[in-house]
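> For reference, the file final.cif (mmCIF, N, CA and C atoms) is included below:
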```cif
data_query
loop_
_atom_site.label_atom_id
_atom_site.label_comp_id
_atom_site.auth_asym_id
_atom_site.auth_seq_id
_atom_site.Cartn_x
_atom_site.Cartn_y
_atom_site.Cartn_z
N MET A 1 107.61 135.17 97.94
CA MET A 1 106.99 136.38 97.39
C MET A 1 106.15 137.03 98.48
N CYS A 2 106.14 138.30 98.46
CA CYS A 2 105.43 139.10 99.45
C CYS A 2 103.94 139.13 99.11
N GLY A 3 103.09 138.82 100.07
CA GLY A 3 101.66 138.82 99.83
C GLY A 3 101.02 140.16 100.09
N VAL A 4 101.83 141.19 100.11
CA VAL A 4 101.37 142.51 100.49
C VAL A 4 100.88 143.29 99.28
N ARG A 5 100.04 144.23 99.54
CA ARG A 5 99.57 145.11 98.49
C ARG A 5 100.28 146.45 98.56
N MET A 6 101.02 146.67 99.64
CA MET A 6 101.73 147.94 99.84
C MET A 6 103.19 147.65 100.06
N MET A 7 104.05 148.11 99.16
CA MET A 7 105.48 147.90 99.32
C MET A 7 106.20 149.23 99.16
N VAL A 8 107.33 149.30 99.79
CA VAL A 8 108.18 150.46 99.64
C VAL A 8 109.45 150.00 98.95
N ARG A 9 109.83 150.67 97.89
CA ARG A 9 111.08 150.34 97.21
C ARG A 9 112.21 151.02 97.96
N VAL A 10 113.15 150.24 98.41
CA VAL A 10 114.29 150.78 99.14
C VAL A 10 115.30 151.26 98.12
N SER A 11 115.68 152.52 98.22
CA SER A 11 116.63 153.05 97.25
C SER A 11 117.68 153.89 97.94
N ILE A 12 118.80 154.00 97.30
CA ILE A 12 119.84 154.89 97.77
C ILE A 12 119.58 156.18 96.98
N ASP A 13 120.57 156.94 96.64
CA ASP A 13 120.37 158.11 95.80
C ASP A 13 119.79 157.67 94.46
N ARG A 14 118.75 158.33 94.00
CA ARG A 14 118.06 157.90 92.79
C ARG A 14 118.98 157.79 91.57
N ARG A 15 119.96 158.67 91.45
CA ARG A 15 120.83 158.65 90.28
C ARG A 15 121.88 157.54 90.36
N LEU A 16 122.20 157.11 91.57
CA LEU A 16 123.28 156.14 91.74
C LEU A 16 122.85 154.78 92.26
N SER A 17 121.58 154.62 92.57
CA SER A 17 121.15 153.40 93.27
C SER A 17 121.53 152.12 92.52
N THR A 18 121.29 152.06 91.23
CA THR A 18 121.60 150.84 90.49
C THR A 18 123.08 150.58 90.44
N LYS A 19 123.87 151.62 90.15
CA LYS A 19 125.33 151.46 90.09
C LYS A 19 125.92 151.03 91.42
N VAL A 20 125.46 151.67 92.51
CA VAL A 20 125.98 151.33 93.83
C VAL A 20 125.61 149.89 94.19
N ALA A 21 124.37 149.51 93.91
CA ALA A 21 123.94 148.14 94.21
C ALA A 21 124.73 147.13 93.38
N GLU A 22 125.03 147.48 92.13
CA GLU A 22 125.84 146.59 91.29
C GLU A 22 127.26 146.47 91.82
N TRP A 23 127.83 147.61 92.25
CA TRP A 23 129.21 147.59 92.77
C TRP A 23 129.32 146.84 94.09
N PHE A 24 128.39 147.09 95.01
CA PHE A 24 128.50 146.55 96.36
C PHE A 24 127.61 145.34 96.61
N GLY A 25 126.75 145.02 95.67
CA GLY A 25 125.91 143.85 95.81
C GLY A 25 124.68 144.10 96.67
N PRO A 26 123.91 143.03 96.92
CA PRO A 26 122.65 143.17 97.64
C PRO A 26 122.83 143.57 99.10
N ALA A 27 124.04 143.48 99.64
CA ALA A 27 124.25 143.85 101.04
C ALA A 27 123.91 145.32 101.30
N ILE A 28 124.16 146.18 100.32
CA ILE A 28 123.90 147.62 100.52
C ILE A 28 122.39 147.89 100.55
N THR A 29 121.62 147.25 99.67
CA THR A 29 120.16 147.46 99.72
C THR A 29 119.55 146.76 100.93
N SER A 30 120.16 145.65 101.34
CA SER A 30 119.67 144.95 102.52
C SER A 30 119.85 145.79 103.78
N ALA A 31 121.00 146.45 103.89
CA ALA A 31 121.26 147.31 105.06
C ALA A 31 120.27 148.47 105.11
N LYS A 32 119.99 149.07 103.96
CA LYS A 32 119.03 150.17 103.90
C LYS A 32 117.63 149.66 104.24
N ALA A 33 117.30 148.47 103.76
CA ALA A 33 115.99 147.88 104.06
C ALA A 33 115.85 147.63 105.56
N ASP A 34 116.94 147.24 106.22
CA ASP A 34 116.89 147.04 107.67
C ASP A 34 116.52 148.32 108.39
N ASP A 35 117.08 149.45 107.93
CA ASP A 35 116.75 150.75 108.52
C ASP A 35 115.27 151.08 108.34
N VAL A 36 114.77 150.88 107.13
CA VAL A 36 113.36 151.15 106.84
C VAL A 36 112.46 150.23 107.67
N LEU A 37 112.85 148.96 107.76
CA LEU A 37 112.07 147.99 108.52
C LEU A 37 111.99 148.37 110.00
N ALA A 38 113.11 148.79 110.57
CA ALA A 38 113.12 149.20 111.98
C ALA A 38 112.22 150.40 112.21
N ASP A 39 112.30 151.40 111.33
CA ASP A 39 111.45 152.58 111.47
C ASP A 39 109.98 152.23 111.25
N ALA A 40 109.70 151.36 110.29
CA ALA A 40 108.32 150.96 110.04
C ALA A 40 107.74 150.24 111.26
N ARG A 41 108.54 149.41 111.91
CA ARG A 41 108.06 148.73 113.13
C ARG A 41 107.76 149.74 114.23
N THR A 42 108.60 150.76 114.35
CA THR A 42 108.37 151.80 115.35
C THR A 42 107.08 152.55 115.06
N TRP A 43 106.91 152.98 113.79
CA TRP A 43 105.69 153.70 113.40
C TRP A 43 104.47 152.81 113.59
N ALA A 44 104.56 151.53 113.20
CA ALA A 44 103.42 150.62 113.30
C ALA A 44 102.98 150.44 114.75
N ALA A 45 103.95 150.30 115.65
CA ALA A 45 103.62 150.13 117.07
C ALA A 45 102.94 151.39 117.61
N ALA A 46 103.45 152.56 117.20
CA ALA A 46 102.90 153.82 117.69
C ALA A 46 101.53 154.13 117.10
N ARG A 47 101.29 153.65 115.88
CA ARG A 47 100.06 154.01 115.17
C ARG A 47 99.08 152.85 115.05
N ALA A 48 99.26 151.80 115.83
CA ALA A 48 98.39 150.62 115.74
C ALA A 48 97.06 150.86 116.44
N VAL A 49 96.45 151.97 116.12
CA VAL A 49 95.16 152.31 116.69
C VAL A 49 94.09 151.72 115.78
N GLY A 50 93.21 150.96 116.37
CA GLY A 50 92.17 150.32 115.58
C GLY A 50 91.10 151.31 115.14
N ARG A 51 90.19 150.83 114.35
CA ARG A 51 89.09 151.66 113.89
C ARG A 51 88.12 151.97 115.04
N ASP A 52 88.15 151.13 116.09
CA ASP A 52 87.37 151.38 117.28
C ASP A 52 88.29 152.00 118.32
N PRO A 53 87.86 153.02 119.04
CA PRO A 53 88.73 153.67 120.02
C PRO A 53 89.28 152.68 121.04
N GLY A 54 90.58 152.77 121.28
CA GLY A 54 91.22 151.94 122.29
C GLY A 54 91.53 150.52 121.87
N VAL A 55 91.23 150.15 120.62
CA VAL A 55 91.50 148.80 120.14
C VAL A 55 92.76 148.82 119.28
N SER A 56 93.79 148.09 119.71
CA SER A 56 95.04 148.03 118.96
C SER A 56 94.94 146.97 117.86
N VAL A 57 95.52 147.27 116.71
CA VAL A 57 95.57 146.29 115.61
C VAL A 57 96.99 145.79 115.40
N ALA A 58 97.86 145.99 116.40
CA ALA A 58 99.27 145.60 116.27
C ALA A 58 99.42 144.12 115.95
N GLY A 59 98.55 143.28 116.50
CA GLY A 59 98.62 141.85 116.23
C GLY A 59 98.27 141.47 114.82
N ASP A 60 97.63 142.36 114.08
CA ASP A 60 97.22 142.09 112.70
C ASP A 60 98.25 142.58 111.68
N LEU A 61 99.32 143.25 112.14
CA LEU A 61 100.33 143.81 111.25
C LEU A 61 101.51 142.87 111.13
N SER A 62 102.06 142.76 109.93
CA SER A 62 103.25 141.94 109.70
C SER A 62 104.18 142.72 108.79
N LEU A 63 105.42 142.92 109.23
CA LEU A 63 106.43 143.60 108.43
C LEU A 63 107.54 142.62 108.10
N SER A 64 108.00 142.64 106.86
CA SER A 64 109.04 141.70 106.45
C SER A 64 109.90 142.30 105.34
N LYS A 65 111.02 141.61 105.08
CA LYS A 65 111.97 142.05 104.06
C LYS A 65 112.14 140.92 103.05
N HIS A 66 112.12 141.26 101.75
CA HIS A 66 112.24 140.25 100.70
C HIS A 66 113.26 140.72 99.67
N TYR A 67 114.08 139.78 99.20
CA TYR A 67 115.13 140.08 98.23
C TYR A 67 114.66 139.81 96.80
N HIS A 68 115.10 140.65 95.88
CA HIS A 68 114.84 140.47 94.45
C HIS A 68 116.12 140.83 93.71
N GLY A 69 117.05 139.90 93.64
CA GLY A 69 118.34 140.20 93.02
C GLY A 69 119.11 141.21 93.85
N ILE A 70 119.40 142.37 93.28
CA ILE A 70 120.12 143.40 94.03
C ILE A 70 119.18 144.32 94.78
N ASP A 71 117.88 144.18 94.56
CA ASP A 71 116.90 145.02 95.23
C ASP A 71 116.33 144.31 96.46
N THR A 72 115.89 145.11 97.41
CA THR A 72 115.26 144.58 98.62
C THR A 72 113.97 145.34 98.86
N ASP A 73 112.87 144.62 99.08
CA ASP A 73 111.58 145.22 99.38
C ASP A 73 111.28 145.09 100.86
N VAL A 74 110.69 146.12 101.42
CA VAL A 74 110.16 146.05 102.78
C VAL A 74 108.64 146.01 102.63
N CYS A 75 108.02 144.99 103.21
CA CYS A 75 106.60 144.74 102.97
C CYS A 75 105.77 144.87 104.24
N LEU A 76 104.59 145.39 104.08
CA LEU A 76 103.61 145.48 105.16
C LEU A 76 102.40 144.65 104.77
N ASP A 77 102.04 143.71 105.62
CA ASP A 77 100.81 142.95 105.46
C ASP A 77 99.91 143.27 106.64
N VAL A 78 98.63 143.46 106.38
CA VAL A 78 97.66 143.71 107.45
C VAL A 78 96.48 142.79 107.20
N GLU A 79 96.18 141.94 108.18
CA GLU A 79 95.07 141.00 108.03
C GLU A 79 93.78 141.65 108.50
N GLY A 80 92.81 141.69 107.60
CA GLY A 80 91.50 142.25 107.93
C GLY A 80 90.64 141.27 108.71
N ARG A 81 89.49 141.72 109.15
CA ARG A 81 88.59 140.87 109.93
C ARG A 81 88.15 139.63 109.17
N ASP A 82 88.05 139.76 107.85
CA ASP A 82 87.61 138.62 107.04
C ASP A 82 88.79 137.77 106.54
N GLY A 83 90.00 138.08 107.01
CA GLY A 83 91.19 137.32 106.60
C GLY A 83 91.89 137.86 105.37
N SER A 84 91.32 138.87 104.73
CA SER A 84 91.94 139.43 103.53
C SER A 84 93.07 140.39 103.92
N ASN A 85 93.91 140.71 102.95
CA ASN A 85 95.01 141.64 103.18
C ASN A 85 94.50 143.06 102.95
N VAL A 86 94.52 143.88 103.99
CA VAL A 86 94.01 145.25 103.91
C VAL A 86 95.12 146.27 104.14
N ALA A 87 96.34 145.93 103.68
CA ALA A 87 97.49 146.81 103.89
C ALA A 87 97.28 148.18 103.24
N VAL A 88 96.73 148.20 102.04
CA VAL A 88 96.52 149.47 101.34
C VAL A 88 95.55 150.36 102.13
N GLU A 89 94.47 149.77 102.59
CA GLU A 89 93.48 150.53 103.36
C GLU A 89 94.07 151.02 104.67
N HIS A 90 94.87 150.18 105.32
CA HIS A 90 95.53 150.57 106.58
C HIS A 90 96.51 151.71 106.34
N GLU A 91 97.25 151.63 105.24
CA GLU A 91 98.27 152.64 104.95
C GLU A 91 97.67 153.96 104.50
N TRP A 92 96.72 153.92 103.56
CA TRP A 92 96.24 155.14 102.92
C TRP A 92 94.83 155.56 103.35
N GLY A 93 94.14 154.71 104.09
CA GLY A 93 92.79 155.05 104.52
C GLY A 93 91.75 154.40 103.63
N ALA A 94 90.52 154.38 104.12
CA ALA A 94 89.44 153.72 103.36
C ALA A 94 88.10 154.18 103.88
N TRP A 95 87.08 153.95 103.07
CA TRP A 95 85.71 154.25 103.48
C TRP A 95 85.26 153.18 104.47
N ASN A 96 84.75 153.59 105.61
CA ASN A 96 84.25 152.67 106.63
C ASN A 96 82.74 152.60 106.49
N GLU A 97 82.26 151.44 106.05
CA GLU A 97 80.82 151.25 105.83
C GLU A 97 80.01 151.38 107.11
N GLN A 98 80.54 150.84 108.23
CA GLN A 98 79.79 150.89 109.48
C GLN A 98 79.65 152.30 110.02
N ARG A 99 80.67 153.12 109.83
CA ARG A 99 80.63 154.49 110.35
C ARG A 99 80.19 155.51 109.30
N HIS A 100 80.08 155.08 108.06
CA HIS A 100 79.68 155.95 106.95
C HIS A 100 80.58 157.18 106.83
N ARG A 101 81.89 156.92 106.94
CA ARG A 101 82.85 158.02 106.78
C ARG A 101 84.19 157.45 106.35
N PHE A 102 85.06 158.33 105.85
CA PHE A 102 86.40 157.95 105.45
C PHE A 102 87.28 157.91 106.69
N VAL A 103 88.02 156.82 106.86
CA VAL A 103 88.95 156.68 107.98
C VAL A 103 90.36 156.91 107.46
N GLU A 104 91.09 157.81 108.09
CA GLU A 104 92.43 158.16 107.65
C GLU A 104 93.38 156.97 107.76
N GLY A 105 94.40 156.96 106.90
CA GLY A 105 95.42 155.92 106.94
C GLY A 105 96.48 156.21 108.01
N HIS A 106 97.30 155.21 108.28
CA HIS A 106 98.33 155.34 109.31
C HIS A 106 99.69 155.75 108.74
N HIS A 107 99.90 155.62 107.43
CA HIS A 107 101.12 156.07 106.73
C HIS A 107 102.41 155.53 107.34
N VAL A 108 102.39 154.28 107.74
CA VAL A 108 103.56 153.63 108.35
C VAL A 108 104.69 153.51 107.34
N MET A 109 104.42 152.92 106.18
CA MET A 109 105.46 152.68 105.19
C MET A 109 105.93 153.97 104.54
N ARG A 110 105.01 154.86 104.26
CA ARG A 110 105.38 156.14 103.65
C ARG A 110 106.38 156.89 104.52
N ASP A 111 106.07 157.00 105.80
CA ASP A 111 106.94 157.77 106.69
C ASP A 111 108.25 157.06 106.97
N ALA A 112 108.24 155.74 107.06
CA ALA A 112 109.48 154.99 107.26
C ALA A 112 110.40 155.16 106.05
N ALA A 113 109.83 155.15 104.86
CA ALA A 113 110.64 155.34 103.65
C ALA A 113 111.19 156.76 103.57
N ARG A 114 110.37 157.74 103.89
CA ARG A 114 110.82 159.14 103.85
C ARG A 114 111.94 159.41 104.83
N MET A 115 111.86 158.80 106.02
CA MET A 115 112.89 158.99 107.03
C MET A 115 114.23 158.45 106.57
N ASN A 116 114.21 157.50 105.64
CA ASN A 116 115.43 156.84 105.20
C ASN A 116 115.81 157.17 103.76
N GLY A 117 115.28 158.28 103.26
CA GLY A 117 115.69 158.72 101.92
C GLY A 117 114.97 158.01 100.78
N GLY A 118 113.93 157.24 101.08
CA GLY A 118 113.18 156.57 100.02
C GLY A 118 112.19 157.52 99.38
N TYR A 119 111.42 157.06 98.50
CA TYR A 119 110.55 157.78 97.60
C TYR A 119 110.23 159.14 98.09
#
```
The structure given in the file should be rewritten as structure tokens.


Amino acid sequence: MCGVRMMVRVSIDRRLSTKVAEWFGPAITSAKADDVLADARTWAAARAVGRDPGVSVAGDLSLSKHYHGIDTDVCLDVEGRDGSNVAVEHEWGAWNEQRHRFVEGHHVMRDAARMNGGY
């Protein structure tokens, strides 16, 4: 099971996704998930800018693929300083207590999914 708080549902055409997956099996959703995973890795590497200038958080990011029957999830895990999973904050942004301001998200999963016809 994915320990992530942020997942992207990999889908084909919304009207046909279930039928196509049933006809062709999990291989079709797995192939699409591979595309999303590759793009997410590219976005993550490019956007691994830490909250402090010049500090990369690439080592704290983990991307993986998990199967659920005919569906395949692409997952992003981000380990925070305290060891907790901060994937949602990394993706969508969060209030930074030390800086007293909102820090923008990196939108890695959102953009990877959009590039591949997802949500």

> In Å to one decimal, how far is CA of Asp82 (chain A) from CA of Ala40 (chain A)?

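Here the two named atoms are 24.3 Å from each other.
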
> Please evaluate the PyMOL selection byres ((chain A and resi 39) around 8) against the structure above and give the resulting residues as a ChimeraX atom specification.

/A:33-38,40-45,108-109,111-113,115

> Assuming the chain letters and numbering stay as they are in my file, what does the PyMOL selection byres (((chain A and resi 105 and name CA) around 8) and name CA) actually select? List them as a PyMOL selection string.

chain A and resi 89-94+103-104+106-107

> Ranking A:Trp23, A:Phe102, A:Thr29, A:Arg110 by minimum distance to His66 (chain A) and counting only C-alpha atoms, which one comes first?

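Closest to His66 (chain A), using only C-alpha atoms: A:Thr29.
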
> Would you please work out which residue, of A:Ser30, A:Gln98, A:Ser64, A:Asn116, is nearest to Val78 (chain A) when using only C-alpha atoms?

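Of A:Ser30, A:Gln98, A:Ser64, A:Asn116, the one nearest Val78 (chain A), counting only C-alpha atoms, is A:Ser64.
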
> What does the distance between CA of Leu63 (chain A) and atom C of Asp77 (chain A) come to in Å, to one decimal place?

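These atoms are spaced 6.8 Å apart.
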
> Just to confirm, what's the straight-line distance from CA of Arg47 (chain A) to CA of Cys75 (chain A) in Å (one decimal)?

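A separation of 16.7 Å between them.
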
> Report the residues of region 22-106 of chain A whose backbone DSSP state falls under alpha helix (DSSP H), written as a PyMOL selection string.

chain A and resi 22-24+26-46+87-92

> Please produce an output containing N, CA and C atoms for each residue in the selection, written as a short mmCIF file (atom, residue, chain, number, x, y, z; two decimals), in the frame of the given file.


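Final output, saved to again.cif:
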```
data_model
loop_
_atom_site.label_atom_id
_atom_site.label_comp_id
_atom_site.auth_asym_id
_atom_site.auth_seq_id
_atom_site.Cartn_x
_atom_site.Cartn_y
_atom_site.Cartn_z
N GLU A 22 125.03 147.48 92.13
CA GLU A 22 125.84 146.59 91.29
C GLU A 22 127.26 146.47 91.82
N TRP A 23 127.83 147.61 92.25
CA TRP A 23 129.21 147.59 92.77
C TRP A 23 129.32 146.84 94.09
N PHE A 24 128.39 147.09 95.01
CA PHE A 24 128.50 146.55 96.36
C PHE A 24 127.61 145.34 96.61
N PRO A 26 123.91 143.03 96.92
CA PRO A 26 122.65 143.17 97.64
C PRO A 26 122.83 143.57 99.10
N ALA A 27 124.04 143.48 99.64
CA ALA A 27 124.25 143.85 101.04
C ALA A 27 123.91 145.32 101.30
N ILE A 28 124.16 146.18 100.32
CA ILE A 28 123.90 147.62 100.52
C ILE A 28 122.39 147.89 100.55
N THR A 29 121.62 147.25 99.67
CA THR A 29 120.16 147.46 99.72
C THR A 29 119.55 146.76 100.93
N SER A 30 120.16 145.65 101.34
CA SER A 30 119.67 144.95 102.52
C SER A 30 119.85 145.79 103.78
N ALA A 31 121.00 146.45 103.89
CA ALA A 31 121.26 147.31 105.06
C ALA A 31 120.27 148.47 105.11
N LYS A 32 119.99 149.07 103.96
CA LYS A 32 119.03 150.17 103.90
C LYS A 32 117.63 149.66 104.24
N ALA A 33 117.30 148.47 103.76
CA ALA A 33 115.99 147.88 104.06
C ALA A 33 115.85 147.63 105.56
N ASP A 34 116.94 147.24 106.22
CA ASP A 34 116.89 147.04 107.67
C ASP A 34 116.52 148.32 108.39
N ASP A 35 117.08 149.45 107.93
CA ASP A 35 116.75 150.75 108.52
C ASP A 35 115.27 151.08 108.34
N VAL A 36 114.77 150.88 107.13
CA VAL A 36 113.36 151.15 106.84
C VAL A 36 112.46 150.23 107.67
N LEU A 37 112.85 148.96 107.76
CA LEU A 37 112.07 147.99 108.52
C LEU A 37 111.99 148.37 110.00
N ALA A 38 113.11 148.79 110.57
CA ALA A 38 113.12 149.20 111.98
C ALA A 38 112.22 150.40 112.21
N ASP A 39 112.30 151.40 111.33
CA ASP A 39 111.45 152.58 111.47
C ASP A 39 109.98 152.23 111.25
N ALA A 40 109.70 151.36 110.29
CA ALA A 40 108.32 150.96 110.04
C ALA A 40 107.74 150.24 111.26
N ARG A 41 108.54 149.41 111.91
CA ARG A 41 108.06 148.73 113.13
C ARG A 41 107.76 149.74 114.23
N THR A 42 108.60 150.76 114.35
CA THR A 42 108.37 151.80 115.35
C THR A 42 107.08 152.55 115.06
N TRP A 43 106.91 152.98 113.79
CA TRP A 43 105.69 153.70 113.40
C TRP A 43 104.47 152.81 113.59
N ALA A 44 104.56 151.53 113.20
CA ALA A 44 103.42 150.62 113.30
C ALA A 44 102.98 150.44 114.75
N ALA A 45 103.95 150.30 115.65
CA ALA A 45 103.62 150.13 117.07
C ALA A 45 102.94 151.39 117.61
N ALA A 46 103.45 152.56 117.20
CA ALA A 46 102.90 153.82 117.69
C ALA A 46 101.53 154.13 117.10
N ALA A 87 96.34 145.93 103.68
CA ALA A 87 97.49 146.81 103.89
C ALA A 87 97.28 148.18 103.24
N VAL A 88 96.73 148.20 102.04
CA VAL A 88 96.52 149.47 101.34
C VAL A 88 95.55 150.36 102.13
N GLU A 89 94.47 149.77 102.59
CA GLU A 89 93.48 150.53 103.36
C GLU A 89 94.07 151.02 104.67
N HIS A 90 94.87 150.18 105.32
CA HIS A 90 95.53 150.57 106.58
C HIS A 90 96.51 151.71 106.34
N GLU A 91 97.25 151.63 105.24
CA GLU A 91 98.27 152.64 104.95
C GLU A 91 97.67 153.96 104.50
N TRP A 92 96.72 153.92 103.56
CA TRP A 92 96.24 155.14 102.92
C TRP A 92 94.83 155.56 103.35
#
```

> Extending 5 Å beyond the listed atoms of region 88-102 of chain A on each side, what axis-aligned box results? I want centre and edge lengths in Å to one decimal, as lines of an AutoDock Vina configuration file.


```
center_x = 89.0
center_y = 153.3
center_z = 105.8
size_x = 28.6
size_y = 20.1
size_z = 19.0
```

> Please identify all polymer residues within 6.5 Å of Lys65 (chain A), counting all atoms listed in the file, omitting same-chain residues fewer than 3 positions from it, and present them as JSON, numbers by chain.

{"A": [72, 73, 74, 75]}

> Just so the selection is clear, what residues does the PyMOL selection byres ((chain A and resi 60) around 8) cover here, as a PDB file with N, CA and C atoms, in the coordinates of the input?


```
ATOM      1  N   SER A  56      93.790 148.090 119.710  1.00  0.00           N
ATOM      2  CA  SER A  56      95.040 148.030 118.960  1.00  0.00           C
ATOM      3  C   SER A  56      94.940 146.970 117.860  1.00  0.00           C
ATOM      4  N   VAL A  57      95.520 147.270 116.710  1.00  0.00           N
ATOM      5  CA  VAL A  57      95.570 146.290 115.610  1.00  0.00           C
ATOM      6  C   VAL A  57      96.990 145.790 115.400  1.00  0.00           C
ATOM      7  N   ALA A  58      97.860 145.990 116.400  1.00  0.00           N
ATOM      8  CA  ALA A  58      99.270 145.600 116.270  1.00  0.00           C
ATOM      9  C   ALA A  58      99.420 144.120 115.950  1.00  0.00           C
ATOM     10  N   GLY A  59      98.550 143.280 116.500  1.00  0.00           N
ATOM     11  CA  GLY A  59      98.620 141.850 116.230  1.00  0.00           C
ATOM     12  C   GLY A  59      98.270 141.470 114.820  1.00  0.00           C
ATOM     13  N   LEU A  61      99.320 143.250 112.140  1.00  0.00           N
ATOM     14  CA  LEU A  61     100.330 143.810 111.250  1.00  0.00           C
ATOM     15  C   LEU A  61     101.510 142.870 111.130  1.00  0.00           C
ATOM     16  N   SER A  62     102.060 142.760 109.930  1.00  0.00           N
ATOM     17  CA  SER A  62     103.250 141.940 109.700  1.00  0.00           C
ATOM     18  C   SER A  62     104.180 142.720 108.790  1.00  0.00           C
ATOM     19  N   LEU A  63     105.420 142.920 109.230  1.00  0.00           N
ATOM     20  CA  LEU A  63     106.430 143.600 108.430  1.00  0.00           C
ATOM     21  C   LEU A  63     107.540 142.620 108.100  1.00  0.00           C
ATOM     22  N   ASP A  77     102.040 143.710 105.620  1.00  0.00           N
ATOM     23  CA  ASP A  77     100.810 142.950 105.460  1.00  0.00           C
ATOM     24  C   ASP A  77      99.910 143.270 106.640  1.00  0.00           C
ATOM     25  N   VAL A  78      98.630 143.460 106.380  1.00  0.00           N
ATOM     26  CA  VAL A  78      97.660 143.710 107.450  1.00  0.00           C
ATOM     27  C   VAL A  78      96.480 142.790 107.200  1.00  0.00           C
ATOM     28  N   GLU A  79      96.180 141.940 108.180  1.00  0.00           N
ATOM     29  CA  GLU A  79      95.070 141.000 108.030  1.00  0.00           C
ATOM     30  C   GLU A  79      93.780 141.650 108.500  1.00  0.00           C
ATOM     31  N   GLY A  80      92.810 141.690 107.600  1.00  0.00           N
ATOM     32  CA  GLY A  80      91.500 142.250 107.930  1.00  0.00           C
ATOM     33  C   GLY A  80      90.640 141.270 108.710  1.00  0.00           C
TER      34      GLY A  80
END
```
